[in-house]
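Beneath this line is the structure, given in structure tokens, with notes to follow.
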Amino acid sequence: MSDPSPATPLHVARTRAVVRVSELGQVFDAIVESSAGVNMDDEHDPEGSTVGFERAQISALLDHARTQLAELDAALDRMRSGSYGICEDCGDQIPPARLEAHPAARVCIACALRR
């Protein structure tokens with residue numbers, strides 16, 4: 001019997017990010033599918049601009065969710081290598097409260113403020 005992954009804030013955040021990417025992908029696909037085969041003239045059709053805006057908005061949210069997932073995957077890689085929770089700038093420990101609030105944090109608060 002294999003050990004399940006621990007329910008650390010990092011693992012929980014990654015699970016949520018995977019779900020978000022999936023849900024946003026489905027919404028985007030539904031928007032594209034619903035407008036396929038329909039002549040959407042954004043300039044002259046009052047509904048065309050709404051569909052175009054919705055598609056752009058979901059696309060931006062999906063890009064952000066994918067970026068967030070990639071950051072969380074990188075944090076898991078740091079966890080496996082033993083460098084998770086160590087500030088990439090100063091080498092000090094990142095406080096647990098920061099990692100709880102931002103599980104993919106690469107730098108401590110002091111270094112983040114200097115950036």
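Letters for chains follow the order of the structure tokens (A, B, ...), residue numbers begin at 1 for each chain, and ligand numbers begin at 1 in the order shown.
Every protein, DNA or RNA residue with an atom at most 10 Å from Ala101 (chain A), where only C-alpha atoms count and chain neighbours fewer than 4 positions away do not, is listed here: Pro9, Leu10, Ala13, Pro96, Ala97 and Ala105 of chain A.
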Return the single residue from A:Ile31, A:Ala74, A:Ala110, A:Ala36 that is closest to Ile58 (chain A), with distances computed using only C-alpha atoms.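 Smallest separation from Ile58 (chain A) among the options: A:Ile31.
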All residues 10 Å or closer to Gly91 (chain A), only C-alpha atoms, same chain fewer than 4 positions away omitted, as a PyMOL selection string: chain A and resi 83+85-87+107-108
I'd like the neighbourhood of Ala104 (chain A) as a list in words, where a residue qualifies if any of its atoms comes within 10 Å (using only C-alpha atoms), though same-chain residues fewer than 4 positions away should be ignored. Pro9, Leu10, Ala13, Arg14, Gln68, Leu69, Ala70, Glu71, Leu72, Asp73, Ala74, Ala75, Leu76, Arg78, Tyr84, Gly85, Arg98, Leu99 and Glu100 of chain A
Please return, as a PyMOL selection string, all residues of region 16-110 of chain A that DSSP assigns to alpha helix (DSSP H) on the basis of the backbone. chain A and resi 16-35+46-81+96-101+109-110
Got time to write the residues from that selection, C-alpha atoms, as a PDB file, in the first residue's frame?
ATOM      1  CA  ARG A  16      -6.981  23.524  -6.352  1.00  0.00           C
ATOM      2  CA  ALA A  17      -4.921  24.907  -9.239  1.00  0.00           C
ATOM      3  CA  VAL A  18      -5.386  21.696 -11.247  1.00  0.00           C
ATOM      4  CA  VAL A  19      -9.141  21.884 -10.707  1.00  0.00           C
ATOM      5  CA  ARG A  20      -9.173  25.591 -11.665  1.00  0.00           C
ATOM      6  CA  VAL A  21      -7.234  24.948 -14.884  1.00  0.00           C
ATOM      7  CA  SER A  22      -9.636  22.145 -15.778  1.00  0.00           C
ATOM      8  CA  GLU A  23     -12.759  24.191 -15.033  1.00  0.00           C
ATOM      9  CA  LEU A  24     -11.532  27.264 -16.895  1.00  0.00           C
ATOM     10  CA  GLY A  25     -10.502  25.082 -19.838  1.00  0.00           C
ATOM     11  CA  GLN A  26     -14.012  23.653 -19.978  1.00  0.00           C
ATOM     12  CA  VAL A  27     -15.578  27.123 -19.827  1.00  0.00           C
ATOM     13  CA  PHE A  28     -13.261  28.362 -22.587  1.00  0.00           C
ATOM     14  CA  ASP A  29     -14.038  25.331 -24.747  1.00  0.00           C
ATOM     15  CA  ALA A  30     -17.777  25.856 -24.190  1.00  0.00           C
ATOM     16  CA  ILE A  31     -17.529  29.503 -25.278  1.00  0.00           C
ATOM     17  CA  VAL A  32     -15.578  28.556 -28.390  1.00  0.00           C
ATOM     18  CA  GLU A  33     -17.971  25.702 -29.180  1.00  0.00           C
ATOM     19  CA  SER A  34     -21.067  27.867 -28.715  1.00  0.00           C
ATOM     20  CA  SER A  35     -19.727  30.482 -31.092  1.00  0.00           C
ATOM     21  CA  PRO A  46     -24.032  43.454 -30.195  1.00  0.00           C
ATOM     22  CA  GLU A  47     -23.550  39.876 -28.915  1.00  0.00           C
ATOM     23  CA  GLY A  48     -20.271  39.414 -30.793  1.00  0.00           C
ATOM     24  CA  SER A  49     -18.348  41.826 -28.627  1.00  0.00           C
ATOM     25  CA  THR A  50     -19.696  40.161 -25.481  1.00  0.00           C
ATOM     26  CA  VAL A  51     -18.586  36.723 -26.662  1.00  0.00           C
ATOM     27  CA  GLY A  52     -15.203  38.100 -27.673  1.00  0.00           C
ATOM     28  CA  PHE A  53     -14.786  39.773 -24.297  1.00  0.00           C
ATOM     29  CA  GLU A  54     -15.815  36.627 -22.412  1.00  0.00           C
ATOM     30  CA  ARG A  55     -13.406  34.523 -24.442  1.00  0.00           C
ATOM     31  CA  ALA A  56     -10.543  36.968 -23.790  1.00  0.00           C
ATOM     32  CA  GLN A  57     -11.384  37.173 -20.097  1.00  0.00           C
ATOM     33  CA  ILE A  58     -11.503  33.384 -19.642  1.00  0.00           C
ATOM     34  CA  SER A  59      -8.320  33.034 -21.691  1.00  0.00           C
ATOM     35  CA  ALA A  60      -6.504  35.464 -19.370  1.00  0.00           C
ATOM     36  CA  LEU A  61      -7.812  33.652 -16.277  1.00  0.00           C
ATOM     37  CA  LEU A  62      -6.745  30.315 -17.766  1.00  0.00           C
ATOM     38  CA  ASP A  63      -3.247  31.649 -18.525  1.00  0.00           C
ATOM     39  CA  HIS A  64      -2.963  32.897 -14.933  1.00  0.00           C
ATOM     40  CA  ALA A  65      -4.141  29.551 -13.536  1.00  0.00           C
ATOM     41  CA  ARG A  66      -1.626  27.674 -15.699  1.00  0.00           C
ATOM     42  CA  THR A  67       1.171  29.985 -14.517  1.00  0.00           C
ATOM     43  CA  GLN A  68       0.109  29.402 -10.920  1.00  0.00           C
ATOM     44  CA  LEU A  69       0.143  25.636 -11.483  1.00  0.00           C
ATOM     45  CA  ALA A  70       3.636  25.824 -12.980  1.00  0.00           C
ATOM     46  CA  GLU A  71       4.828  27.822  -9.949  1.00  0.00           C
ATOM     47  CA  LEU A  72       3.362  25.220  -7.601  1.00  0.00           C
ATOM     48  CA  ASP A  73       4.992  22.403  -9.583  1.00  0.00           C
ATOM     49  CA  ALA A  74       8.321  24.234  -9.298  1.00  0.00           C
ATOM     50  CA  ALA A  75       7.756  24.519  -5.545  1.00  0.00           C
ATOM     51  CA  LEU A  76       7.154  20.751  -5.373  1.00  0.00           C
ATOM     52  CA  ASP A  77      10.428  20.246  -7.241  1.00  0.00           C
ATOM     53  CA  ARG A  78      12.152  22.444  -4.631  1.00  0.00           C
ATOM     54  CA  MET A  79      10.510  20.353  -1.904  1.00  0.00           C
ATOM     55  CA  ARG A  80      11.874  17.151  -3.456  1.00  0.00           C
ATOM     56  CA  SER A  81      15.358  18.657  -3.769  1.00  0.00           C
ATOM     57  CA  PRO A  96       6.007  29.080   7.690  1.00  0.00           C
ATOM     58  CA  ALA A  97       3.224  31.685   7.785  1.00  0.00           C
ATOM     59  CA  ARG A  98       4.397  33.037   4.411  1.00  0.00           C
ATOM     60  CA  LEU A  99       4.527  29.552   2.925  1.00  0.00           C
ATOM     61  CA  GLU A 100       1.049  28.856   4.277  1.00  0.00           C
ATOM     62  CA  ALA A 101      -0.275  32.053   2.665  1.00  0.00           C
ATOM     63  CA  ILE A 109       9.087  38.848   2.743  1.00  0.00           C
ATOM     64  CA  ALA A 110      12.145  41.079   3.259  1.00  0.00           C
TER      65      ALA A 110
END
May I ask for the distance between CA of Asp92 (chain A) and CA of Arg106 (chain A), given in Å to one decimal place? 11.0 Å
